[in-house]
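Okay, query_34.pdb now, which holds PDB, C-alpha atoms:
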```
MODEL        1
ATOM      1  CA  MET A   5     173.507 156.886 117.413  1.00  0.00           C
ATOM      2  CA  ARG A   6     174.388 155.346 120.734  1.00  0.00           C
ATOM      3  CA  ALA A   7     177.162 156.548 123.007  1.00  0.00           C
ATOM      4  CA  ALA A   8     177.213 153.833 125.674  1.00  0.00           C
ATOM      5  CA  THR A   9     180.173 154.307 127.963  1.00  0.00           C
ATOM      6  CA  ARG A  10     180.981 150.606 127.933  1.00  0.00           C
ATOM      7  CA  ARG A  11     181.977 150.751 124.268  1.00  0.00           C
ATOM      8  CA  LYS A  12     185.751 150.553 123.795  1.00  0.00           C
ATOM      9  CA  ILE A  13     187.767 152.756 121.459  1.00  0.00           C
ATOM     10  CA  ALA A  14     189.092 149.598 119.802  1.00  0.00           C
ATOM     11  CA  ASP A  15     185.569 148.860 118.638  1.00  0.00           C
ATOM     12  CA  ARG A  16     185.750 151.856 116.301  1.00  0.00           C
ATOM     13  CA  LEU A  17     188.797 150.370 114.641  1.00  0.00           C
ATOM     14  CA  ASP A  18     187.436 146.873 114.130  1.00  0.00           C
ATOM     15  CA  THR A  19     186.852 146.442 110.400  1.00  0.00           C
ATOM     16  CA  LYS A  20     186.838 142.651 110.162  1.00  0.00           C
ATOM     17  CA  ASP A  21     183.751 140.887 108.890  1.00  0.00           C
ATOM     18  CA  VAL A  22     182.747 143.865 106.761  1.00  0.00           C
ATOM     19  CA  MET A  23     179.911 142.927 104.414  1.00  0.00           C
ATOM     20  CA  ARG A  24     178.653 144.695 101.328  1.00  0.00           C
ATOM     21  CA  ALA A  25     174.913 145.389 101.546  1.00  0.00           C
ATOM     22  CA  THR A  26     172.449 147.343  99.447  1.00  0.00           C
ATOM     23  CA  ILE A  27     169.573 149.625 100.363  1.00  0.00           C
ATOM     24  CA  LYS A  28     166.366 147.622 100.106  1.00  0.00           C
ATOM     25  CA  ASP A  29     163.850 150.113 101.468  1.00  0.00           C
ATOM     26  CA  LYS A  30     163.637 153.711 102.704  1.00  0.00           C
ATOM     27  CA  ARG A  31     160.662 155.384 104.333  1.00  0.00           C
ATOM     28  CA  GLU A  32     159.813 158.241 106.650  1.00  0.00           C
ATOM     29  CA  VAL A  33     158.508 156.896 109.965  1.00  0.00           C
ATOM     30  CA  ALA A  34     157.969 160.294 111.630  1.00  0.00           C
ATOM     31  CA  HIS A  35     158.674 163.920 110.787  1.00  0.00           C
ATOM     32  CA  ARG A  36     162.277 164.095 109.547  1.00  0.00           C
ATOM     33  CA  THR A  37     162.908 160.537 110.765  1.00  0.00           C
ATOM     34  CA  LEU A  38     164.107 158.063 108.171  1.00  0.00           C
ATOM     35  CA  MET A  39     164.100 154.268 108.341  1.00  0.00           C
ATOM     36  CA  VAL A  40     166.500 152.463 106.011  1.00  0.00           C
ATOM     37  CA  VAL A  41     166.648 148.685 105.537  1.00  0.00           C
ATOM     38  CA  PHE A  42     169.764 147.065 104.084  1.00  0.00           C
ATOM     39  CA  ASP A  43     169.705 143.809 102.118  1.00  0.00           C
ATOM     40  CA  LEU A  44     172.607 141.522 103.103  1.00  0.00           C
ATOM     41  CA  GLY A  45     172.672 139.749  99.753  1.00  0.00           C
ATOM     42  CA  GLY A  46     171.529 136.353 100.956  1.00  0.00           C
ATOM     43  CA  GLU A  47     173.667 136.394 104.099  1.00  0.00           C
ATOM     44  CA  HIS A  48     172.440 136.782 107.679  1.00  0.00           C
ATOM     45  CA  PHE A  49     173.890 138.169 110.896  1.00  0.00           C
ATOM     46  CA  GLU A  50     172.992 136.412 114.135  1.00  0.00           C
ATOM     47  CA  PHE A  51     172.421 139.084 116.774  1.00  0.00           C
ATOM     48  CA  ARG A  52     170.380 139.975 119.845  1.00  0.00           C
ATOM     49  CA  PRO A  53     167.606 142.582 119.760  1.00  0.00           C
ATOM     50  CA  GLY A  54     168.924 145.881 121.110  1.00  0.00           C
ATOM     51  CA  GLN A  55     172.410 145.646 119.600  1.00  0.00           C
ATOM     52  CA  TYR A  56     174.018 148.156 117.236  1.00  0.00           C
ATOM     53  CA  PHE A  57     176.024 147.853 114.028  1.00  0.00           C
ATOM     54  CA  TRP A  58     178.576 149.853 112.079  1.00  0.00           C
ATOM     55  CA  VAL A  59     177.681 151.166 108.639  1.00  0.00           C
ATOM     56  CA  GLU A  60     179.822 153.103 106.148  1.00  0.00           C
ATOM     57  CA  LEU A  61     178.164 155.036 103.340  1.00  0.00           C
ATOM     58  CA  PRO A  62     179.582 155.758  99.883  1.00  0.00           C
ATOM     59  CA  PRO A  63     180.526 159.397  99.192  1.00  0.00           C
ATOM     60  CA  ARG A  64     177.924 161.699  97.677  1.00  0.00           C
ATOM     61  CA  GLY A  65     179.779 164.994  97.991  1.00  0.00           C
ATOM     62  CA  TYR A  66     179.162 165.771 101.668  1.00  0.00           C
ATOM     63  CA  GLU A  67     182.074 165.967 104.091  1.00  0.00           C
ATOM     64  CA  ASP A  68     182.646 166.792 107.726  1.00  0.00           C
ATOM     65  CA  GLU A  69     185.154 165.812 110.408  1.00  0.00           C
ATOM     66  CA  ARG A  70     183.163 162.735 111.443  1.00  0.00           C
ATOM     67  CA  GLY A  71     183.042 161.142 108.030  1.00  0.00           C
ATOM     68  CA  LEU A  72     180.578 158.586 106.694  1.00  0.00           C
ATOM     69  CA  ARG A  73     181.075 155.683 109.128  1.00  0.00           C
ATOM     70  CA  ARG A  74     178.793 155.401 112.161  1.00  0.00           C
ATOM     71  CA  HIS A  75     177.501 152.922 114.704  1.00  0.00           C
ATOM     72  CA  ILE A  76     173.734 152.868 115.094  1.00  0.00           C
ATOM     73  CA  SER A  77     171.082 150.672 116.679  1.00  0.00           C
ATOM     74  CA  VAL A  78     169.460 147.865 114.731  1.00  0.00           C
ATOM     75  CA  VAL A  79     165.780 148.723 114.383  1.00  0.00           C
ATOM     76  CA  THR A  80     164.825 145.427 112.751  1.00  0.00           C
ATOM     77  CA  SER A  81     164.388 142.112 114.564  1.00  0.00           C
ATOM     78  CA  PRO A  82     166.750 139.107 114.375  1.00  0.00           C
ATOM     79  CA  THR A  83     163.731 137.224 113.034  1.00  0.00           C
ATOM     80  CA  GLU A  84     163.858 139.320 109.853  1.00  0.00           C
ATOM     81  CA  ARG A  85     166.385 137.203 108.032  1.00  0.00           C
ATOM     82  CA  GLY A  86     168.871 138.718 105.600  1.00  0.00           C
ATOM     83  CA  VAL A  87     168.355 142.389 106.469  1.00  0.00           C
ATOM     84  CA  LEU A  88     169.549 145.027 108.918  1.00  0.00           C
ATOM     85  CA  GLY A  89     167.659 148.256 109.462  1.00  0.00           C
ATOM     86  CA  LEU A  90     168.234 151.606 111.124  1.00  0.00           C
ATOM     87  CA  ALA A  91     166.103 154.639 111.870  1.00  0.00           C
ATOM     88  CA  THR A  92     167.477 158.110 112.499  1.00  0.00           C
ATOM     89  CA  ARG A  93     166.531 161.748 112.806  1.00  0.00           C
ATOM     90  CA  LEU A  94     167.622 163.692 109.745  1.00  0.00           C
ATOM     91  CA  ARG A  95     169.938 166.577 110.575  1.00  0.00           C
ATOM     92  CA  ASP A  96     172.712 168.514 108.854  1.00  0.00           C
ATOM     93  CA  SER A  97     175.665 166.108 109.002  1.00  0.00           C
ATOM     94  CA  ALA A  98     177.540 164.553 106.106  1.00  0.00           C
ATOM     95  CA  PHE A  99     176.377 161.098 107.173  1.00  0.00           C
ATOM     96  CA  LYS A 100     172.704 161.987 107.398  1.00  0.00           C
ATOM     97  CA  ARG A 101     172.634 164.093 104.240  1.00  0.00           C
ATOM     98  CA  THR A 102     174.283 161.232 102.373  1.00  0.00           C
ATOM     99  CA  LEU A 103     171.912 158.653 103.835  1.00  0.00           C
ATOM    100  CA  GLU A 104     168.924 160.756 102.822  1.00  0.00           C
ATOM    101  CA  GLU A 105     170.118 161.002  99.218  1.00  0.00           C
ATOM    102  CA  LEU A 106     171.191 157.394  98.650  1.00  0.00           C
ATOM    103  CA  GLU A 107     168.917 155.580  96.261  1.00  0.00           C
ATOM    104  CA  ILE A 108     167.378 152.108  96.536  1.00  0.00           C
ATOM    105  CA  GLY A 109     170.054 149.606  95.471  1.00  0.00           C
ATOM    106  CA  ALA A 110     172.980 151.780  96.593  1.00  0.00           C
ATOM    107  CA  ALA A 111     175.815 149.772  98.166  1.00  0.00           C
ATOM    108  CA  VAL A 112     177.083 150.317 101.724  1.00  0.00           C
ATOM    109  CA  ASP A 113     179.440 148.452 104.049  1.00  0.00           C
ATOM    110  CA  VAL A 114     178.045 146.957 107.270  1.00  0.00           C
ATOM    111  CA  GLU A 115     179.522 144.979 110.153  1.00  0.00           C
ATOM    112  CA  PRO A 116     177.952 142.349 112.450  1.00  0.00           C
ATOM    113  CA  PRO A 117     175.848 143.761 115.302  1.00  0.00           C
ATOM    114  CA  LYS A 118     177.348 143.891 118.775  1.00  0.00           C
ATOM    115  CA  GLY A 119     176.738 145.472 122.174  1.00  0.00           C
ATOM    116  CA  THR A 120     175.429 144.544 125.625  1.00  0.00           C
ATOM    117  CA  PHE A 121     172.223 146.615 125.844  1.00  0.00           C
ATOM    118  CA  VAL A 122     169.953 143.749 124.807  1.00  0.00           C
ATOM    119  CA  LEU A 123     166.619 142.133 125.563  1.00  0.00           C
ATOM    120  CA  PRO A 124     167.030 140.167 128.813  1.00  0.00           C
ATOM    121  CA  ASP A 125     166.580 136.416 128.612  1.00  0.00           C
ATOM    122  CA  GLU A 126     164.682 136.244 131.898  1.00  0.00           C
ATOM    123  CA  THR A 127     160.890 136.372 131.657  1.00  0.00           C
ATOM    124  CA  ASP A 128     160.049 135.825 135.334  1.00  0.00           C
ATOM    125  CA  ARG A 129     159.862 139.538 136.235  1.00  0.00           C
ATOM    126  CA  PRO A 130     158.188 142.551 134.585  1.00  0.00           C
ATOM    127  CA  TYR A 131     160.142 145.110 132.560  1.00  0.00           C
ATOM    128  CA  VAL A 132     159.764 148.802 131.878  1.00  0.00           C
ATOM    129  CA  PHE A 133     161.190 150.071 128.607  1.00  0.00           C
ATOM    130  CA  VAL A 134     161.641 153.856 128.720  1.00  0.00           C
ATOM    131  CA  ALA A 135     162.212 155.431 125.300  1.00  0.00           C
ATOM    132  CA  GLY A 136     162.993 159.059 124.579  1.00  0.00           C
ATOM    133  CA  GLY A 137     162.666 160.088 120.926  1.00  0.00           C
ATOM    134  CA  ILE A 138     164.795 157.995 118.589  1.00  0.00           C
ATOM    135  CA  GLY A 139     165.636 155.691 121.511  1.00  0.00           C
ATOM    136  CA  ILE A 140     162.527 153.783 120.445  1.00  0.00           C
ATOM    137  CA  THR A 141     164.634 151.974 117.823  1.00  0.00           C
ATOM    138  CA  VAL A 142     166.154 149.462 120.253  1.00  0.00           C
ATOM    139  CA  PHE A 143     162.751 148.687 121.703  1.00  0.00           C
ATOM    140  CA  ARG A 144     161.172 148.250 118.288  1.00  0.00           C
ATOM    141  CA  SER A 145     163.757 145.523 117.632  1.00  0.00           C
ATOM    142  CA  MET A 146     163.058 143.906 120.998  1.00  0.00           C
ATOM    143  CA  LEU A 147     159.267 144.067 120.728  1.00  0.00           C
ATOM    144  CA  ARG A 148     159.161 142.730 117.188  1.00  0.00           C
ATOM    145  CA  TYR A 149     161.357 139.841 118.349  1.00  0.00           C
ATOM    146  CA  ILE A 150     159.054 139.143 121.305  1.00  0.00           C
ATOM    147  CA  ALA A 151     156.030 139.197 118.999  1.00  0.00           C
ATOM    148  CA  ASP A 152     157.601 136.966 116.365  1.00  0.00           C
ATOM    149  CA  THR A 153     158.893 134.385 118.848  1.00  0.00           C
ATOM    150  CA  GLN A 154     155.906 134.591 121.231  1.00  0.00           C
ATOM    151  CA  LEU A 155     158.157 135.018 124.252  1.00  0.00           C
ATOM    152  CA  PRO A 156     156.242 135.590 127.520  1.00  0.00           C
ATOM    153  CA  HIS A 157     157.905 138.902 128.459  1.00  0.00           C
ATOM    154  CA  ARG A 158     155.761 141.358 130.413  1.00  0.00           C
ATOM    155  CA  VAL A 159     156.641 144.889 129.288  1.00  0.00           C
ATOM    156  CA  THR A 160     155.375 148.391 129.913  1.00  0.00           C
ATOM    157  CA  LEU A 161     156.774 150.729 127.256  1.00  0.00           C
ATOM    158  CA  VAL A 162     156.856 154.393 128.298  1.00  0.00           C
ATOM    159  CA  TYR A 163     157.609 156.434 125.181  1.00  0.00           C
ATOM    160  CA  SER A 164     158.255 160.197 125.280  1.00  0.00           C
ATOM    161  CA  ASN A 165     158.355 162.669 122.389  1.00  0.00           C
ATOM    162  CA  ARG A 166     157.818 166.375 121.953  1.00  0.00           C
ATOM    163  CA  ASP A 167     154.774 165.854 119.725  1.00  0.00           C
ATOM    164  CA  ARG A 168     152.846 163.207 117.827  1.00  0.00           C
ATOM    165  CA  ALA A 169     154.367 164.159 114.469  1.00  0.00           C
ATOM    166  CA  SER A 170     157.884 163.343 115.678  1.00  0.00           C
ATOM    167  CA  ALA A 171     156.956 160.056 117.365  1.00  0.00           C
ATOM    168  CA  ALA A 172     158.226 157.166 115.239  1.00  0.00           C
ATOM    169  CA  PHE A 173     156.418 153.808 115.023  1.00  0.00           C
ATOM    170  CA  VAL A 174     153.395 154.831 117.115  1.00  0.00           C
ATOM    171  CA  ASP A 175     150.923 153.152 114.751  1.00  0.00           C
ATOM    172  CA  GLU A 176     153.068 150.011 114.739  1.00  0.00           C
ATOM    173  CA  LEU A 177     152.976 149.929 118.535  1.00  0.00           C
ATOM    174  CA  ASP A 178     149.197 149.516 118.359  1.00  0.00           C
ATOM    175  CA  ASP A 179     149.704 146.378 116.292  1.00  0.00           C
ATOM    176  CA  LEU A 180     152.384 145.072 118.652  1.00  0.00           C
ATOM    177  CA  GLN A 181     150.018 145.456 121.601  1.00  0.00           C
ATOM    178  CA  GLN A 182     147.601 143.181 119.772  1.00  0.00           C
ATOM    179  CA  ARG A 183     150.326 140.608 119.150  1.00  0.00           C
ATOM    180  CA  ILE A 184     151.992 140.680 122.590  1.00  0.00           C
ATOM    181  CA  ALA A 185     149.700 139.788 125.471  1.00  0.00           C
ATOM    182  CA  GLY A 186     152.131 141.154 128.044  1.00  0.00           C
ATOM    183  CA  LEU A 187     152.716 144.563 126.400  1.00  0.00           C
ATOM    184  CA  ARG A 188     151.268 147.870 127.554  1.00  0.00           C
ATOM    185  CA  VAL A 189     152.214 151.171 125.893  1.00  0.00           C
ATOM    186  CA  VAL A 190     152.185 154.576 127.597  1.00  0.00           C
ATOM    187  CA  LEU A 191     152.761 157.598 125.344  1.00  0.00           C
ATOM    188  CA  THR A 192     153.659 161.073 126.554  1.00  0.00           C
ATOM    189  CA  MET A 193     153.926 164.137 124.287  1.00  0.00           C
ATOM    190  CA  THR A 194     155.591 166.959 126.192  1.00  0.00           C
ATOM    191  CA  ASP A 195     154.974 169.854 123.771  1.00  0.00           C
ATOM    192  CA  ASP A 196     151.850 169.111 121.742  1.00  0.00           C
ATOM    193  CA  ASP A 197     148.769 171.272 122.356  1.00  0.00           C
ATOM    194  CA  GLU A 198     146.557 168.825 120.456  1.00  0.00           C
ATOM    195  CA  TRP A 199     147.631 165.737 122.413  1.00  0.00           C
ATOM    196  CA  GLU A 200     144.983 164.616 124.908  1.00  0.00           C
ATOM    197  CA  GLY A 201     147.024 161.979 126.716  1.00  0.00           C
ATOM    198  CA  GLU A 202     149.995 162.112 129.089  1.00  0.00           C
ATOM    199  CA  THR A 203     152.170 165.226 128.653  1.00  0.00           C
ATOM    200  CA  ARG A 204     154.644 165.078 131.551  1.00  0.00           C
ATOM    201  CA  HIS A 205     158.339 164.418 131.238  1.00  0.00           C
ATOM    202  CA  ILE A 206     159.188 160.961 132.537  1.00  0.00           C
ATOM    203  CA  ASP A 207     160.051 160.783 136.225  1.00  0.00           C
ATOM    204  CA  ALA A 208     159.241 158.560 139.179  1.00  0.00           C
ATOM    205  CA  ASP A 209     155.790 160.131 139.612  1.00  0.00           C
ATOM    206  CA  VAL A 210     154.855 159.380 135.999  1.00  0.00           C
ATOM    207  CA  LEU A 211     156.032 155.808 136.374  1.00  0.00           C
ATOM    208  CA  LEU A 212     154.142 155.370 139.647  1.00  0.00           C
ATOM    209  CA  ASP A 213     150.959 156.610 137.968  1.00  0.00           C
ATOM    210  CA  HIS A 214     151.235 154.131 135.096  1.00  0.00           C
ATOM    211  CA  LEU A 215     152.725 151.031 136.703  1.00  0.00           C
ATOM    212  CA  GLU A 216     150.736 148.502 138.664  1.00  0.00           C
ATOM    213  CA  ALA A 217     153.256 147.703 141.404  1.00  0.00           C
ATOM    214  CA  ASP A 218     156.059 149.244 143.436  1.00  0.00           C
ATOM    215  CA  LEU A 219     158.845 150.669 141.262  1.00  0.00           C
ATOM    216  CA  ARG A 220     161.297 148.207 142.769  1.00  0.00           C
ATOM    217  CA  SER A 221     159.302 145.310 141.302  1.00  0.00           C
ATOM    218  CA  TYR A 222     160.491 146.101 137.768  1.00  0.00           C
ATOM    219  CA  THR A 223     163.678 145.975 135.738  1.00  0.00           C
ATOM    220  CA  TYR A 224     164.205 149.122 133.655  1.00  0.00           C
ATOM    221  CA  LEU A 225     165.804 149.620 130.254  1.00  0.00           C
ATOM    222  CA  VAL A 226     166.175 153.296 129.338  1.00  0.00           C
ATOM    223  CA  ALA A 227     167.206 154.572 125.889  1.00  0.00           C
ATOM    224  CA  GLY A 228     167.223 158.101 124.517  1.00  0.00           C
ATOM    225  CA  PRO A 229     169.276 161.300 124.182  1.00  0.00           C
ATOM    226  CA  PRO A 230     172.115 161.436 126.754  1.00  0.00           C
ATOM    227  CA  GLY A 231     170.592 164.090 129.002  1.00  0.00           C
ATOM    228  CA  MET A 232     167.188 162.458 129.043  1.00  0.00           C
ATOM    229  CA  ALA A 233     168.479 158.900 129.502  1.00  0.00           C
ATOM    230  CA  GLU A 234     170.858 159.834 132.322  1.00  0.00           C
ATOM    231  CA  ASP A 235     168.207 161.922 134.074  1.00  0.00           C
ATOM    232  CA  VAL A 236     165.535 159.222 133.914  1.00  0.00           C
ATOM    233  CA  GLY A 237     168.014 156.591 135.083  1.00  0.00           C
ATOM    234  CA  ASP A 238     169.045 158.781 138.018  1.00  0.00           C
ATOM    235  CA  ARG A 239     165.419 159.454 138.966  1.00  0.00           C
ATOM    236  CA  ILE A 240     164.568 155.758 138.921  1.00  0.00           C
ATOM    237  CA  ARG A 241     167.544 154.929 141.143  1.00  0.00           C
ATOM    238  CA  ALA A 242     166.709 157.839 143.476  1.00  0.00           C
ATOM    239  CA  ALA A 243     163.246 156.327 143.913  1.00  0.00           C
ATOM    240  CA  GLY A 244     164.875 153.288 145.517  1.00  0.00           C
ATOM    241  CA  VAL A 245     165.310 150.961 142.543  1.00  0.00           C
ATOM    242  CA  PRO A 246     168.589 149.014 142.881  1.00  0.00           C
ATOM    243  CA  GLU A 247     171.370 149.829 140.430  1.00  0.00           C
ATOM    244  CA  GLU A 248     171.363 146.330 138.957  1.00  0.00           C
ATOM    245  CA  GLN A 249     167.722 146.797 137.893  1.00  0.00           C
ATOM    246  CA  VAL A 250     168.428 149.868 135.746  1.00  0.00           C
ATOM    247  CA  ALA A 251     170.232 149.776 132.380  1.00  0.00           C
ATOM    248  CA  VAL A 252     170.746 152.994 130.433  1.00  0.00           C
ATOM    249  CA  ASP A 253     171.733 153.438 126.791  1.00  0.00           C
ATOM    250  CA  LYS A 254     172.474 156.950 125.505  1.00  0.00           C
ATOM    251  CA  PHE A 255     171.853 158.122 121.958  1.00  0.00           C
ATOM    252  CA  SER A 256     173.585 161.240 120.664  1.00  0.00           C
ATOM    253  CA  GLY A 257     173.146 163.102 117.418  1.00  0.00           C
ATOM    254  CA  TYR A 258     175.598 162.708 114.590  1.00  0.00           C
TER     255      TYR A 258
ENDMDL
END
```
Same coordinates, now as structure tokens:
Amino acid sequence: MRAATRRKIADRLDTKDVMRATIKDKREVAHRTLMVVFDLGGEHFEFRPGQYFWVELPPRGYEDERGLRRHISVVTSPTERGVLGLATRLRDSAFKRTLEELEIGAAVDVEPPKGTFVLPDETDRPYVFVAGGIGITVFRSMLRYIADTQLPHRVTLVYSNRDRASAAFVDELDDLQQRIAGLRVVLTMTDDDEWEGETRHIDADVLLDHLEADLRSYTYLVAGPPGMAEDVGDRIRAAGVPEEQVAVDKFSGY
């Protein structure tokens, strides 16, 4: 779930345009990481890749102080008409335990996507997408949109996880590299003895080793757990990249 500082408290209270949706598909996309796709019943939300939406689950006997309503990134692309999807790590909260147990066809309430952390319109400069863990969800939406619309974005995706088993959508990224001429994927697994690729935590040195030009030549979008996202953003800025070329979106557990 994202915790972007630009989000206003009033946004939590906005319940207009609530739509009833049903669970269309559920599947595990990494160890203890669940992707759920909601069918909008013939309707469609217009949105930009990278945005988030509110979802409220029906009760299944689990309760905690945070309840069953959350905002979470859209993992599907705007080109996938009539559905909204999410992907999340499964942990011990009422929301996640309920989500895990809901059956195909179960009804939920969703609201139109919103938010400002989105795929840039400009295609005249290269981008670096930096994903930590479940932060990959926003970039999956963006990359699927780029592939489907054949936009000429040039993107290096740097994706960090503890190990291969917990890395969601890695196999799909191989397919996206085939579909997007301007996409290059760099994977780093920071705690996996069997991984033979990059293993370092993301910092300016890692980026310098995997990018083809000066760090200041790129625009950066960073998404992941708060500590990771803030740290990577700070390190990129400390390397001389101007503030306006670095956007950070923070995901916290729920």
Running the PyMOL selection byres ((chain A and resi 227) around 10) on this model by hand, what would come out? Give it as a count of residues only. 30
Within 12 Å of (160.3, 157.2, 112.9), in the coordinates the file gives, what residues turn up when you count all atoms listed in the file, written out as a PyMOL selection string? chain A and resi 30-40+79+90-94+137-141+144+165+168-177
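Using all atoms listed in the file for every distance, the candidate list A:Arg166, A:Arg74, A:Arg85, A:Arg241 yields A:Arg85 as the residue closest to Val41 in chain A.
With distances restricted to only C-alpha atoms, A:Thr80 is the closest residue to Gly54 in chain A from A:Thr160, A:Thr80, A:Ser221, A:Thr203.
For the pair CA of Thr194 in chain A and CA of Asp235 in chain A, the interatomic distance is 15.7 Å.
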Within 6 Å of Asp43 in chain A, counting only C-alpha atoms, which residues show up once you throw out same-chain ones fewer than 2 positions away? Write them as a PyMOL selection string, please. chain A and resi 25-26+28+45+87
Do you have the CA of Gly71 in chain A-CA of Glu104 in chain A distance handy? 15.1 Å
Which is closest to Tyr131 in chain A among A:Glu198, A:Glu216, A:Glu67, A:Glu84, if we use all atoms listed in the file?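 Of the candidates, the smallest distance to Tyr131 in chain A is held by A:Glu216.
In this model, the gap between CA of Ile76 in chain A and CA of Glu115 in chain A comes to 11.0 Å.
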Take the PyMOL selection byres ((chain A and resi 178) around 12), run it mentally on this structure, and tell me the resulting residues as a list of chain:residue names.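 Applying the expression gives A:Leu147, A:Leu161, A:Phe173, A:Val174, A:Asp175, A:Glu176, A:Leu177, A:Asp179, A:Leu180, A:Gln181, A:Gln182, A:Arg183, A:Ile184, A:Leu187, A:Arg188, A:Val189, A:Val190, A:Leu191.
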Of the candidates A:Ala185, A:Ile240, A:Met193, A:Val78, which one gets nearest to Leu212 in chain A if we count all atoms listed in the file?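 Result for the nearest residue to Leu212 in chain A: A:Ile240.
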Take the PyMOL selection byres ((chain A and resi 119) around 8), run it mentally on this structure, and tell me the resulting residues as a ChimeraX atom specification. /A:11,54-56,117-118,120-122
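Take the candidates A:Glu247, A:Glu47, A:Glu60, A:Glu202 and check each one against Lys100 in chain A using all atoms listed in the file; the shortest distance goes to A:Glu60.
Among A:Gln154, A:Thr127, A:Thr223, A:Ser164, the residue with the shortest atom-to-atom distance to Arg204 in chain A, counting all atoms listed in the file, is A:Ser164.
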